[in-house]
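The next block is upload.pdb, given as PDB, C-alpha atoms and all ligand atoms.
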ATOM      1  CA  MET H1187      40.659 301.023  94.893
ATOM      2  CA  GLU H1188      43.613 298.724  94.266
ATOM      3  CA  LEU H1189      46.741 299.614  92.254
ATOM      4  CA  ILE H1190      49.750 297.635  91.064
ATOM      5  CA  ASP H1191      53.077 299.333  90.337
ATOM      6  CA  ILE H1192      54.559 297.088  87.640
ATOM      7  CA  GLY H1193      58.006 298.740  87.715
ATOM      8  CA  ALA H1194      59.915 300.072  90.701
ATOM      9  CA  ASN H1195      63.686 299.920  91.198
ATOM     10  CA  LEU H1196      63.449 299.481  94.954
ATOM     11  CA  THR H1197      66.794 297.696  95.185
ATOM     12  CA  HIS H1198      68.317 301.099  94.346
ATOM     13  CA  GLU H1199      70.611 302.436  97.086
ATOM     14  CA  SER H1200      68.311 305.419  97.700
ATOM     15  CA  PHE H1201      65.824 303.020  99.381
ATOM     16  CA  ALA H1202      68.370 301.272 101.591
ATOM     17  CA  SER H1203      67.593 303.187 104.766
ATOM     18  CA  ASP H1204      63.779 303.419 104.675
ATOM     19  CA  PHE H1205      62.524 300.521 102.541
ATOM     20  CA  SER H1206      59.793 299.411 104.977
ATOM     21  CA  GLN H1207      58.475 302.957 105.341
ATOM     22  CA  VAL H1208      58.291 303.276 101.551
ATOM     23  CA  ILE H1209      56.222 300.084 101.405
ATOM     24  CA  GLU H1210      53.936 301.267 104.241
ATOM     25  CA  ASP H1211      53.381 304.585 102.464
ATOM     26  CA  ALA H1212      52.616 302.722  99.235
ATOM     27  CA  LYS H1213      50.034 300.510 100.994
ATOM     28  CA  ASN H1214      48.391 303.614 102.435
ATOM     29  CA  ALA H1215      48.121 304.942  98.884
ATOM     30  CA  ASN H1216      46.234 301.773  97.792
ATOM     31  CA  ILE H1217      49.213 300.122  96.099
ATOM     32  CA  SER H1218      48.587 296.440  96.777
ATOM     33  CA  HIS H1219      51.544 295.004  94.878
ATOM     34  CA  ILE H1220      54.885 296.317  93.612
ATOM     35  CA  MET H1221      56.937 294.549  90.979
ATOM     36  CA  LEU H1222      60.653 295.035  91.608
ATOM     37  CA  THR H1223      62.755 295.574  88.511
ATOM     38  CA  GLY H1224      65.994 293.658  88.084
ATOM     39  CA  THR H1225      68.459 295.500  85.865
ATOM     40  CA  ASP H1226      71.609 293.395  86.319
ATOM     41  CA  LEU H1227      72.565 290.241  88.224
ATOM     42  CA  GLU H1228      72.918 291.930  91.613
ATOM     43  CA  THR H1229      69.573 293.765  91.491
ATOM     44  CA  SER H1230      67.804 290.732  89.990
ATOM     45  CA  LEU H1231      68.997 288.567  92.888
ATOM     46  CA  ALA H1232      68.040 291.235  95.434
ATOM     47  CA  ALA H1233      64.599 291.767  93.864
ATOM     48  CA  GLN H1234      63.917 288.024  93.891
ATOM     49  CA  ALA H1235      64.953 287.751  97.550
ATOM     50  CA  LEU H1236      62.676 290.640  98.562
ATOM     51  CA  SER H1237      59.807 288.974  96.682
ATOM     52  CA  ALA H1238      60.437 285.605  98.323
ATOM     53  CA  ALA H1239      60.313 287.338 101.714
ATOM     54  CA  ASN H1240      56.958 289.025 100.980
ATOM     55  CA  PRO H1241      55.281 287.365  97.983
ATOM     56  CA  SER H1242      51.892 289.022  98.480
ATOM     57  CA  MET H1243      53.485 292.469  98.209
ATOM     58  CA  HIS H1244      56.273 291.859  95.687
ATOM     59  CA  SER H1245      57.261 289.937  92.635
ATOM     60  CA  SER H1246      60.271 290.632  90.467
ATOM     61  CA  THR H1247      61.910 290.631  87.065
ATOM     62  CA  ALA H1248      65.350 289.280  86.156
ATOM     63  CA  GLY H1249      67.550 290.592  83.390
ATOM     64  CA  PHE H1250      70.196 292.997  82.136
ATOM     65  CA  HIS H1251      69.190 296.556  81.260
ATOM     66  CA  PRO H1252      70.532 297.626  77.842
ATOM     67  CA  HIS H1253      72.772 300.184  79.596
ATOM     68  CA  VAL H1254      74.734 297.301  81.163
ATOM     69  CA  ALA H1255      74.372 294.801  78.313
ATOM     70  CA  SER H1256      78.166 294.695  77.935
ATOM     71  CA  THR H1257      78.504 293.160  81.401
ATOM     72  CA  CYS H1258      76.071 290.334  80.602
ATOM     73  CA  ASP H1259      78.573 287.484  80.310
ATOM     74  CA  ASP H1260      77.785 283.752  80.127
ATOM     75  CA  ALA H1261      78.079 283.138  83.877
ATOM     76  CA  ALA H1262      75.872 286.086  84.803
ATOM     77  CA  PHE H1263      73.284 285.183  82.184
ATOM     78  CA  ALA H1264      73.145 281.584  83.444
ATOM     79  CA  GLU H1265      72.145 283.009  86.835
ATOM     80  CA  ILE H1266      69.490 285.195  85.194
ATOM     81  CA  ALA H1267      68.165 282.092  83.429
ATOM     82  CA  ARG H1268      68.038 280.162  86.710
ATOM     83  CA  LEU H1269      66.187 283.019  88.444
ATOM     84  CA  SER H1270      63.766 283.431  85.531
ATOM     85  CA  ALA H1271      62.783 279.780  85.638
ATOM     86  CA  GLY H1272      62.098 279.942  89.370
ATOM     87  CA  ASN H1273      59.498 281.304  91.756
ATOM     88  CA  TYR H1274      58.743 284.986  92.408
ATOM     89  CA  VAL H1275      60.268 286.104  89.092
ATOM     90  CA  VAL H1276      57.268 286.929  86.904
ATOM     91  CA  ALA H1277      58.988 288.442  83.854
ATOM     92  CA  VAL H1278      62.245 288.328  81.910
ATOM     93  CA  GLY H1279      63.933 291.742  81.807
ATOM     94  CA  GLU H1280      64.511 294.576  82.106
ATOM     95  CA  THR H1281      65.944 294.098  78.644
ATOM     96  CA  GLY H1282      65.731 295.806  75.302
ATOM     97  CA  LEU H1283      67.610 298.519  73.438
ATOM     98  CA  ASP H1284      68.600 302.070  74.405
ATOM     99  CA  TYR H1285      70.386 304.058  71.705
ATOM    100  CA  ASN H1286      69.772 307.318  73.587
ATOM    101  CA  ARG H1287      72.988 307.078  75.527
ATOM    102  CA  ASN H1288      74.661 303.902  74.241
ATOM    103  CA  PHE H1289      76.303 303.088  77.583
ATOM    104  CA  SER H1290      76.807 299.641  76.036
ATOM    105  CA  SER H1291      77.639 299.244  72.347
ATOM    106  CA  LYS H1292      74.792 298.571  69.928
ATOM    107  CA  SER H1293      76.115 295.134  69.119
ATOM    108  CA  ASP H1294      76.355 294.161  72.817
ATOM    109  CA  GLN H1295      72.811 295.436  73.350
ATOM    110  CA  LEU H1296      71.491 293.442  70.391
ATOM    111  CA  THR H1297      73.223 290.252  71.561
ATOM    112  CA  ALA H1298      71.935 290.594  75.132
ATOM    113  CA  PHE H1299      68.396 291.448  73.975
ATOM    114  CA  GLU H1300      68.252 288.375  71.759
ATOM    115  CA  ARG H1301      69.431 286.127  74.602
ATOM    116  CA  HIS H1302      66.621 287.474  76.803
ATOM    117  CA  LEU H1303      64.075 286.895  74.021
ATOM    118  CA  GLU H1304      65.209 283.287  73.756
ATOM    119  CA  LEU H1305      65.142 282.873  77.521
ATOM    120  CA  ALA H1306      61.590 284.208  77.815
ATOM    121  CA  SER H1307      60.382 281.757  75.203
ATOM    122  CA  ASP H1308      62.218 278.916  76.998
ATOM    123  CA  VAL H1309      60.785 279.647  80.454
ATOM    124  CA  ASN H1310      57.419 280.766  79.073
ATOM    125  CA  LYS H1311      57.262 284.026  80.983
ATOM    126  CA  PRO H1312      56.352 287.495  79.699
ATOM    127  CA  MET H1313      58.971 290.127  78.945
ATOM    128  CA  PHE H1314      59.682 293.426  80.680
ATOM    129  CA  LEU H1315      61.009 295.602  77.857
ATOM    130  CA  HIS H1316      62.795 298.923  77.525
ATOM    131  CA  GLN H1317      63.133 300.826  74.244
ATOM    132  CA  ARG H1318      64.592 304.277  73.779
ATOM    133  CA  GLU H1319      65.503 305.724  70.383
ATOM    134  CA  ALA H1320      65.869 302.191  69.030
ATOM    135  CA  HIS H1321      62.405 301.389  67.708
ATOM    136  CA  GLU H1322      63.480 299.941  64.361
ATOM    137  CA  ASP H1323      65.942 297.322  65.670
ATOM    138  CA  PHE H1324      63.809 296.642  68.751
ATOM    139  CA  TYR H1325      60.649 296.068  66.729
ATOM    140  CA  ARG H1326      62.411 293.851  64.196
ATOM    141  CA  LEU H1327      63.740 291.497  66.895
ATOM    142  CA  LEU H1328      60.534 291.523  68.923
ATOM    143  CA  ALA H1329      58.451 290.739  65.828
ATOM    144  CA  GLN H1330      60.840 287.927  64.915
ATOM    145  CA  TYR H1331      60.361 286.239  68.313
ATOM    146  CA  ARG H1332      56.754 287.243  68.973
ATOM    147  CA  ASP H1333      55.189 283.874  68.082
ATOM    148  CA  LYS H1334      57.344 282.112  70.678
ATOM    149  CA  LEU H1335      56.583 284.624  73.453
ATOM    150  CA  ILE H1336      53.576 284.565  75.721
ATOM    151  CA  GLY H1337      53.620 288.357  75.848
ATOM    152  CA  GLY H1338      55.188 291.317  77.525
ATOM    153  CA  VAL H1339      55.146 294.985  78.353
ATOM    154  CA  VAL H1340      56.996 297.799  76.654
ATOM    155  CA  HIS H1341      57.664 299.594  79.924
ATOM    156  CA  CYS H1342      58.016 303.349  80.319
ATOM    157  CA  PHE H1343      56.712 303.949  76.829
ATOM    158  CA  THR H1344      57.848 307.382  75.576
ATOM    159  CA  ASP H1345      57.946 306.877  71.813
ATOM    160  CA  ASN H1346      55.574 308.154  69.105
ATOM    161  CA  GLU H1347      52.221 307.074  67.703
ATOM    162  CA  ALA H1348      53.704 304.864  64.960
ATOM    163  CA  ALA H1349      55.808 302.923  67.480
ATOM    164  CA  LEU H1350      52.803 302.571  69.782
ATOM    165  CA  LYS H1351      50.741 301.090  66.950
ATOM    166  CA  ASP H1352      53.543 298.672  66.061
ATOM    167  CA  TYR H1353      53.667 297.329  69.641
ATOM    168  CA  LEU H1354      49.887 297.074  69.885
ATOM    169  CA  ASN H1355      49.866 295.165  66.602
ATOM    170  CA  LEU H1356      52.238 292.685  68.245
ATOM    171  CA  ASP H1357      49.690 292.491  71.084
ATOM    172  CA  MET H1358      52.085 293.910  73.654
ATOM    173  CA  TYR H1359      51.041 295.691  76.816
ATOM    174  CA  ILE H1360      52.170 299.302  77.262
ATOM    175  CA  GLY H1361      53.556 300.698  80.542
ATOM    176  CA  VAL H1362      52.957 304.383  81.269
ATOM    177  CA  THR H1363      55.056 306.226  83.873
ATOM    178  CA  GLY H1364      55.102 309.742  85.303
ATOM    179  CA  TRP H1365      56.554 310.849  81.978
ATOM    180  CA  ILE H1366      52.903 311.506  81.098
ATOM    181  CA  CYS H1367      52.708 314.047  83.955
ATOM    182  CA  ASP H1368      55.389 316.228  82.367
ATOM    183  CA  GLU H1369      53.772 319.414  81.073
ATOM    184  CA  ARG H1370      56.614 319.871  78.532
ATOM    185  CA  ARG H1371      57.994 316.593  77.167
ATOM    186  CA  GLY H1372      54.901 314.520  78.054
ATOM    187  CA  LEU H1373      52.469 316.243  75.700
ATOM    188  CA  ASP H1374      52.669 313.711  72.866
ATOM    189  CA  LEU H1375      52.281 310.846  75.348
ATOM    190  CA  GLN H1376      49.198 312.543  76.813
ATOM    191  CA  ARG H1377      47.697 312.686  73.314
ATOM    192  CA  ILE H1378      48.415 309.086  72.242
ATOM    193  CA  THR H1379      47.958 307.178  75.526
ATOM    194  CA  PRO H1380      44.158 306.951  75.092
ATOM    195  CA  MET H1381      44.845 304.985  71.874
ATOM    196  CA  ILE H1382      45.990 302.106  74.085
ATOM    197  CA  PRO H1383      43.025 299.750  74.528
ATOM    198  CA  LEU H1384      42.111 299.607  78.227
ATOM    199  CA  ASP H1385      42.931 295.907  78.320
ATOM    200  CA  ARG H1386      46.547 296.579  77.283
ATOM    201  CA  LEU H1387      47.362 299.468  79.626
ATOM    202  CA  LEU H1388      49.691 299.226  82.645
ATOM    203  CA  ILE H1389      50.946 301.936  85.010
ATOM    204  CA  GLU H1390      54.248 302.194  86.843
ATOM    205  CA  THR H1391      56.482 304.647  88.671
ATOM    206  CA  ASP H1392      59.986 303.496  87.603
ATOM    207  CA  ALA H1393      60.983 304.757  91.081
ATOM    208  CA  PRO H1394      63.367 306.318  92.079
ATOM    209  CA  TYR H1395      63.380 307.895  88.605
ATOM    210  CA  LEU H1396      60.747 310.027  86.863
ATOM    211  CA  LEU H1397      59.174 311.852  89.791
ATOM    212  CA  PRO H1398      55.766 313.040  88.471
ATOM    213  CA  ARG H1399      55.888 316.776  87.806
ATOM    214  CA  ASN H1400      52.221 317.257  88.768
ATOM    215  CA  LEU H1401      52.755 316.476  92.468
ATOM    216  CA  GLY H1402      51.261 319.036  94.812
ATOM    217  CA  SER H1403      54.309 319.143  97.055
ATOM    218  CA  LYS H1404      57.514 317.635  95.768
ATOM    219  CA  PRO H1405      59.855 315.711  98.103
ATOM    220  CA  LYS H1406      63.103 317.566  98.774
ATOM    221  CA  ASN H1407      65.237 314.619  97.697
ATOM    222  CA  ARG H1408      63.383 314.380  94.318
ATOM    223  CA  ARG H1409      63.101 310.618  94.813
ATOM    224  CA  ASN H1410      60.133 308.949  93.154
ATOM    225  CA  GLU H1411      58.297 306.250  95.144
ATOM    226  CA  PRO H1412      55.474 303.776  94.518
ATOM    227  CA  LYS H1413      53.018 305.944  96.484
ATOM    228  CA  TYR H1414      53.208 308.532  93.701
ATOM    229  CA  LEU H1415      51.645 306.015  91.301
ATOM    230  CA  VAL H1416      48.397 307.771  92.174
ATOM    231  CA  SER H1417      49.592 310.874  90.283
ATOM    232  CA  VAL H1418      50.259 308.769  87.198
ATOM    233  CA  LEU H1419      46.827 307.166  87.580
ATOM    234  CA  GLU H1420      45.096 310.545  87.795
ATOM    235  CA  LYS H1421      46.868 311.961  84.750
ATOM    236  CA  VAL H1422      46.144 308.839  82.692
ATOM    237  CA  ALA H1423      42.466 308.966  83.713
ATOM    238  CA  GLU H1424      42.305 312.624  82.678
ATOM    239  CA  CYS H1425      43.731 311.736  79.237
ATOM    240  CA  TYR H1426      41.151 308.960  78.725
ATOM    241  CA  GLN H1427      38.442 311.215  80.173
ATOM    242  CA  VAL H1428      37.322 308.529  82.606
ATOM    243  CA  THR H1429      37.430 308.258  86.396
ATOM    244  CA  PRO H1430      40.629 307.061  88.132
ATOM    245  CA  GLU H1431      38.632 304.024  89.326
ATOM    246  CA  VAL H1432      38.157 302.859  85.725
ATOM    247  CA  ILE H1433      41.915 303.025  85.057
ATOM    248  CA  ALA H1434      42.747 301.431  88.428
ATOM    249  CA  LYS H1435      40.486 298.467  87.775
ATOM    250  CA  ALA H1436      41.709 297.927  84.210
ATOM    251  CA  THR H1437      45.433 298.230  84.978
ATOM    252  CA  THR H1438      45.233 296.015  88.072
ATOM    253  CA  ASN H1439      43.415 293.299  86.135
ATOM    254  CA  ASN H1440      45.899 293.621  83.266
ATOM    255  CA  ALA H1441      48.923 293.248  85.578
ATOM    256  CA  LYS H1442      47.407 290.172  87.209
ATOM    257  CA  ARG H1443      46.641 288.640  83.807
ATOM    258  CA  LEU H1444      49.964 289.390  82.078
ATOM    259  CA  PHE H1445      52.245 288.471  84.977
ATOM    260  CA  ASN H1446      50.044 285.697  86.301
ATOM    261  CA  LEU H1447      50.009 287.307  89.752
ATOM    262  CA  ASP H1448      48.055 285.536  92.463
ATOM    263  CA  PHE H1449      48.118 287.078  95.900
TER     264      PHE H1449
HETATM  265 ZN    ZN H1501      63.551 301.178  81.551
END
Would you give me this structure, written as structure tokens?
Ligand SMILES: [Zn+2]
Amino acid sequence: MELIDIGANLTHESFASDFSQVIEDAKNANISHIMLTGTDLETSLAAQALSAANPSMHSSTAGFHPHVASTCDDAAFAEIARLSAGNYVVAVGETGLDYNRNFSSKSDQLTAFERHLELASDVNKPMFLHQREAHEDFYRLLAQYRDKLIGGVVHCFTDNEAALKDYLNLDMYIGVTGWICDERRGLDLQRITPMIPLDRLLIETDAPYLLPRNLGSKPKNRRNEPKYLVSVLEKVAECYQVTPEVIAKATTNNAKRLFNLDF
């Protein structure tokens, strides 16, 4: 079995002291490739450097998360554009809209999101997208640019059935995290995930966040890691009522196709 984690924030400080062990543990759990998420200029640069150092194990994204959209000035975005056009960066993002906490103003988020949409169409790479409590604005902009984009993933999908159908109608891929393992807030996601055609499904940990709640023994530090992707895989397989191997094969092929991974 071979698995690809399409979203892990391994440039996060919580991995600073044991990064190589985390990667070893992931390999032992059949994770053959981990995409490193860039969420601002610093993490996008770091993720690209880690990918350049080990391209068979890592590739990266470059962008500004909606939380920090207000810090996405011209100089920083020029660097994101340079990274996105280059090697090892396989998607533009993380970008999108998050009205759940509004750490950046709505208008700053909308401006930054639109710049990333334009960039992705310029460099002809897929998008790595985040949407929380912002479906209407997010969908409107995505639909407006869709013809110019080669594709993308709505990562860490947690919205409802109507939003899911909208994204599938735009032929987007859908990323499912350990949110689906949550026996309380994950119930709706468990119900609607099998509506995602198997050729549009991706799985991810979003480490160090979203530790799956169905783990047998939970780590004391509550840190999520790529090796726990297996728990996401098993829950997703249960929802589709297929074997984990079926989901592993489909999601690995999908990641390779969407992000043009060759390793
Ligand atoms: Zn996200």
Using the chain letters and residue numbers of this document, give as an mmCIF file with C-alpha atoms, keeping the file's coordinate frame the residues selected by the PyMOL selection byres (((chain H and resi 1278) around 6) and not hetatm).
data_model
loop_
_atom_site.group_PDB
_atom_site.id
_atom_site.type_symbol
_atom_site.label_atom_id
_atom_site.label_comp_id
_atom_site.auth_asym_id
_atom_site.auth_seq_id
_atom_site.Cartn_x
_atom_site.Cartn_y
_atom_site.Cartn_z
ATOM 1 C CA THR H 1247 61.910 290.631 87.065
ATOM 2 C CA ALA H 1248 65.350 289.280 86.156
ATOM 3 C CA GLY H 1249 67.550 290.592 83.390
ATOM 4 C CA ALA H 1277 58.988 288.442 83.854
ATOM 5 C CA GLY H 1279 63.933 291.742 81.807
ATOM 6 C CA ALA H 1306 61.590 284.208 77.815
ATOM 7 C CA MET H 1313 58.971 290.127 78.945
ATOM 8 C CA PHE H 1314 59.682 293.426 80.680
#
Could you work out an axis-aligned box for segment 1327-1339 of chain H, taking every atom the file lists and adding 3 Å on each side, and report centre and edge lengths in Å to one decimal, as AutoDock Vina command-line options?
--center_x 58.7 --center_y 288.5 --center_z 71.6 --size_x 16.2 --size_y 18.9 --size_z 19.4
Check which residues of chain H sit at most 10 Å from ligand ZN 1501 (chain H) using all atoms listed in the file, and return one row each with the closest pair of atoms and their distance in Å to one decimal, ordered by chain and rising number, as CSV.
residue,atom,partner,partner_atom,distance
H:Gly1193,CA,H:ZN1501,ZN,8.6
H:Ala1194,CA,H:ZN1501,ZN,9.9
H:Asn1195,CA,H:ZN1501,ZN,9.7
H:Thr1223,CA,H:ZN1501,ZN,9.0
H:Thr1225,CA,H:ZN1501,ZN,8.7
H:His1251,CA,H:ZN1501,ZN,7.3
H:Pro1252,CA,H:ZN1501,ZN,8.7
H:His1253,CA,H:ZN1501,ZN,9.5
H:Gly1279,CA,H:ZN1501,ZN,9.4
H:Glu1280,CA,H:ZN1501,ZN,6.7
H:Thr1281,CA,H:ZN1501,ZN,8.0
H:Gly1282,CA,H:ZN1501,ZN,8.5
H:Leu1283,CA,H:ZN1501,ZN,9.5
H:Asp1284,CA,H:ZN1501,ZN,8.8
H:Phe1314,CA,H:ZN1501,ZN,8.7
H:Leu1315,CA,H:ZN1501,ZN,7.2
H:His1316,CA,H:ZN1501,ZN,4.7
H:Gln1317,CA,H:ZN1501,ZN,7.3
H:Arg1318,CA,H:ZN1501,ZN,8.4
H:Val1340,CA,H:ZN1501,ZN,8.9
H:His1341,CA,H:ZN1501,ZN,6.3
H:Cys1342,CA,H:ZN1501,ZN,6.1
H:Phe1343,CA,H:ZN1501,ZN,8.8
H:Asp1392,CA,H:ZN1501,ZN,7.4
H:Tyr1395,CA,H:ZN1501,ZN,9.7
Test item: residues at most 9 Å from segment 1417-1422 of chain H, all atoms listed in the file, excluding those fewer than 4 positions along its chain, as an mmCIF file with C-alpha atoms, in the frame of the given file:
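Resulting contents of result20.cif:
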data_model
loop_
_atom_site.group_PDB
_atom_site.id
_atom_site.type_symbol
_atom_site.label_atom_id
_atom_site.label_comp_id
_atom_site.auth_asym_id
_atom_site.auth_seq_id
_atom_site.Cartn_x
_atom_site.Cartn_y
_atom_site.Cartn_z
ATOM 1 C CA LEU H 1189 46.741 299.614 92.254
ATOM 2 C CA VAL H 1362 52.957 304.383 81.269
ATOM 3 C CA THR H 1363 55.056 306.226 83.873
ATOM 4 C CA GLY H 1364 55.102 309.742 85.303
ATOM 5 C CA TRP H 1365 56.554 310.849 81.978
ATOM 6 C CA ILE H 1366 52.903 311.506 81.098
ATOM 7 C CA CYS H 1367 52.708 314.047 83.955
ATOM 8 C CA GLN H 1376 49.198 312.543 76.813
ATOM 9 C CA THR H 1379 47.958 307.178 75.526
ATOM 10 C CA PRO H 1380 44.158 306.951 75.092
ATOM 11 C CA ILE H 1389 50.946 301.936 85.010
ATOM 12 C CA GLU H 1390 54.248 302.194 86.843
ATOM 13 C CA THR H 1391 56.482 304.647 88.671
ATOM 14 C CA PRO H 1398 55.766 313.040 88.471
ATOM 15 C CA ARG H 1399 55.888 316.776 87.806
ATOM 16 C CA ASN H 1400 52.221 317.257 88.768
ATOM 17 C CA LEU H 1401 52.755 316.476 92.468
ATOM 18 C CA LYS H 1413 53.018 305.944 96.484
ATOM 19 C CA TYR H 1426 41.151 308.960 78.725
ATOM 20 C CA GLN H 1427 38.442 311.215 80.173
ATOM 21 C CA VAL H 1428 37.322 308.529 82.606
ATOM 22 C CA THR H 1429 37.430 308.258 86.396
ATOM 23 C CA PRO H 1430 40.629 307.061 88.132
ATOM 24 C CA GLU H 1431 38.632 304.024 89.326
ATOM 25 C CA ILE H 1433 41.915 303.025 85.057
ATOM 26 C CA ALA H 1434 42.747 301.431 88.428
#
Please, what distance in Å, to one decimal, runs between atom CA of Ala1271 of chain H and atom CA of Thr1229 of chain H? 16.6 Å
Got a sec: who's within 10 Å of Asn1439 of chain H, counting only C-alpha atoms, leaving out chain neighbours fewer than 4 positions off, as a list in words?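 The neighbour list is Glu1188, Leu1189, Ile1190, Asp1385, Arg1386, Leu1387, Leu1388, Ile1433, Ala1434, Lys1435, Arg1443, Leu1444 and Leu1447 of chain H.
Here the PyMOL selection byres (((chain H and resi 1292) around 12) and not hetatm) catches exactly these residues: Pro1252, His1253, Val1254, Ala1255, Ser1256, Gly1282, Leu1283, Asp1284, Tyr1285, Asn1286, Arg1287, Asn1288, Phe1289, Ser1290, Ser1291, Ser1293, Asp1294, Gln1295, Leu1296, Thr1297, Ala1298, Phe1299, Glu1319, Ala1320, Asp1323 and Phe1324 of chain H.
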Report as a PyMOL selection string the full result of the PyMOL selection byres (((chain H and resi 1245) around 12) and not hetatm) when it is applied to this structure. chain H and resi 1190-1196+1218-1224+1230-1244+1246-1248+1270+1272-1278+1441-1442+1445-1449
To one decimal in Å, tell me the separation between atom CA of Ala1393 of chain H and atom CA of Ile1217 of chain H.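 Those two atoms sit 13.6 Å apart.
Closest approach to Leu1375 of chain H among H:Gln1330, H:Thr1344, H:Asn1214, H:Ser1203: H:Thr1344, based on only C-alpha atoms.
Interatomic distance, atom CA of His1198 of chain H against atom CA of Ala1262 of chain H: 19.3 Å.
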At most 9 Å from (48.0, 298.6, 66.9), file frame, all atoms listed in the file: which residues, as a list of chain:residue names?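 Neighbouring residues, ordered by chain and number, come to H:Ala1348, H:Ala1349, H:Leu1350, H:Lys1351, H:Asp1352, H:Tyr1353, H:Leu1354, H:Asn1355, H:Leu1356, H:Asp1357, H:Met1381, H:Ile1382.
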Same residues, C-alpha atoms, saved as a CSV table (one decimal), keeping the file's coordinate frame:
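Contents of selection.csv, freshly written:
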chain,number,residue,atom,x,y,z
H,1348,ALA,CA,53.7,304.9,65.0
H,1349,ALA,CA,55.8,302.9,67.5
H,1350,LEU,CA,52.8,302.6,69.8
H,1351,LYS,CA,50.7,301.1,67.0
H,1352,ASP,CA,53.5,298.7,66.1
H,1353,TYR,CA,53.7,297.3,69.6
H,1354,LEU,CA,49.9,297.1,69.9
H,1355,ASN,CA,49.9,295.2,66.6
H,1356,LEU,CA,52.2,292.7,68.2
H,1357,ASP,CA,49.7,292.5,71.1
H,1381,MET,CA,44.8,305.0,71.9
H,1382,ILE,CA,46.0,302.1,74.1
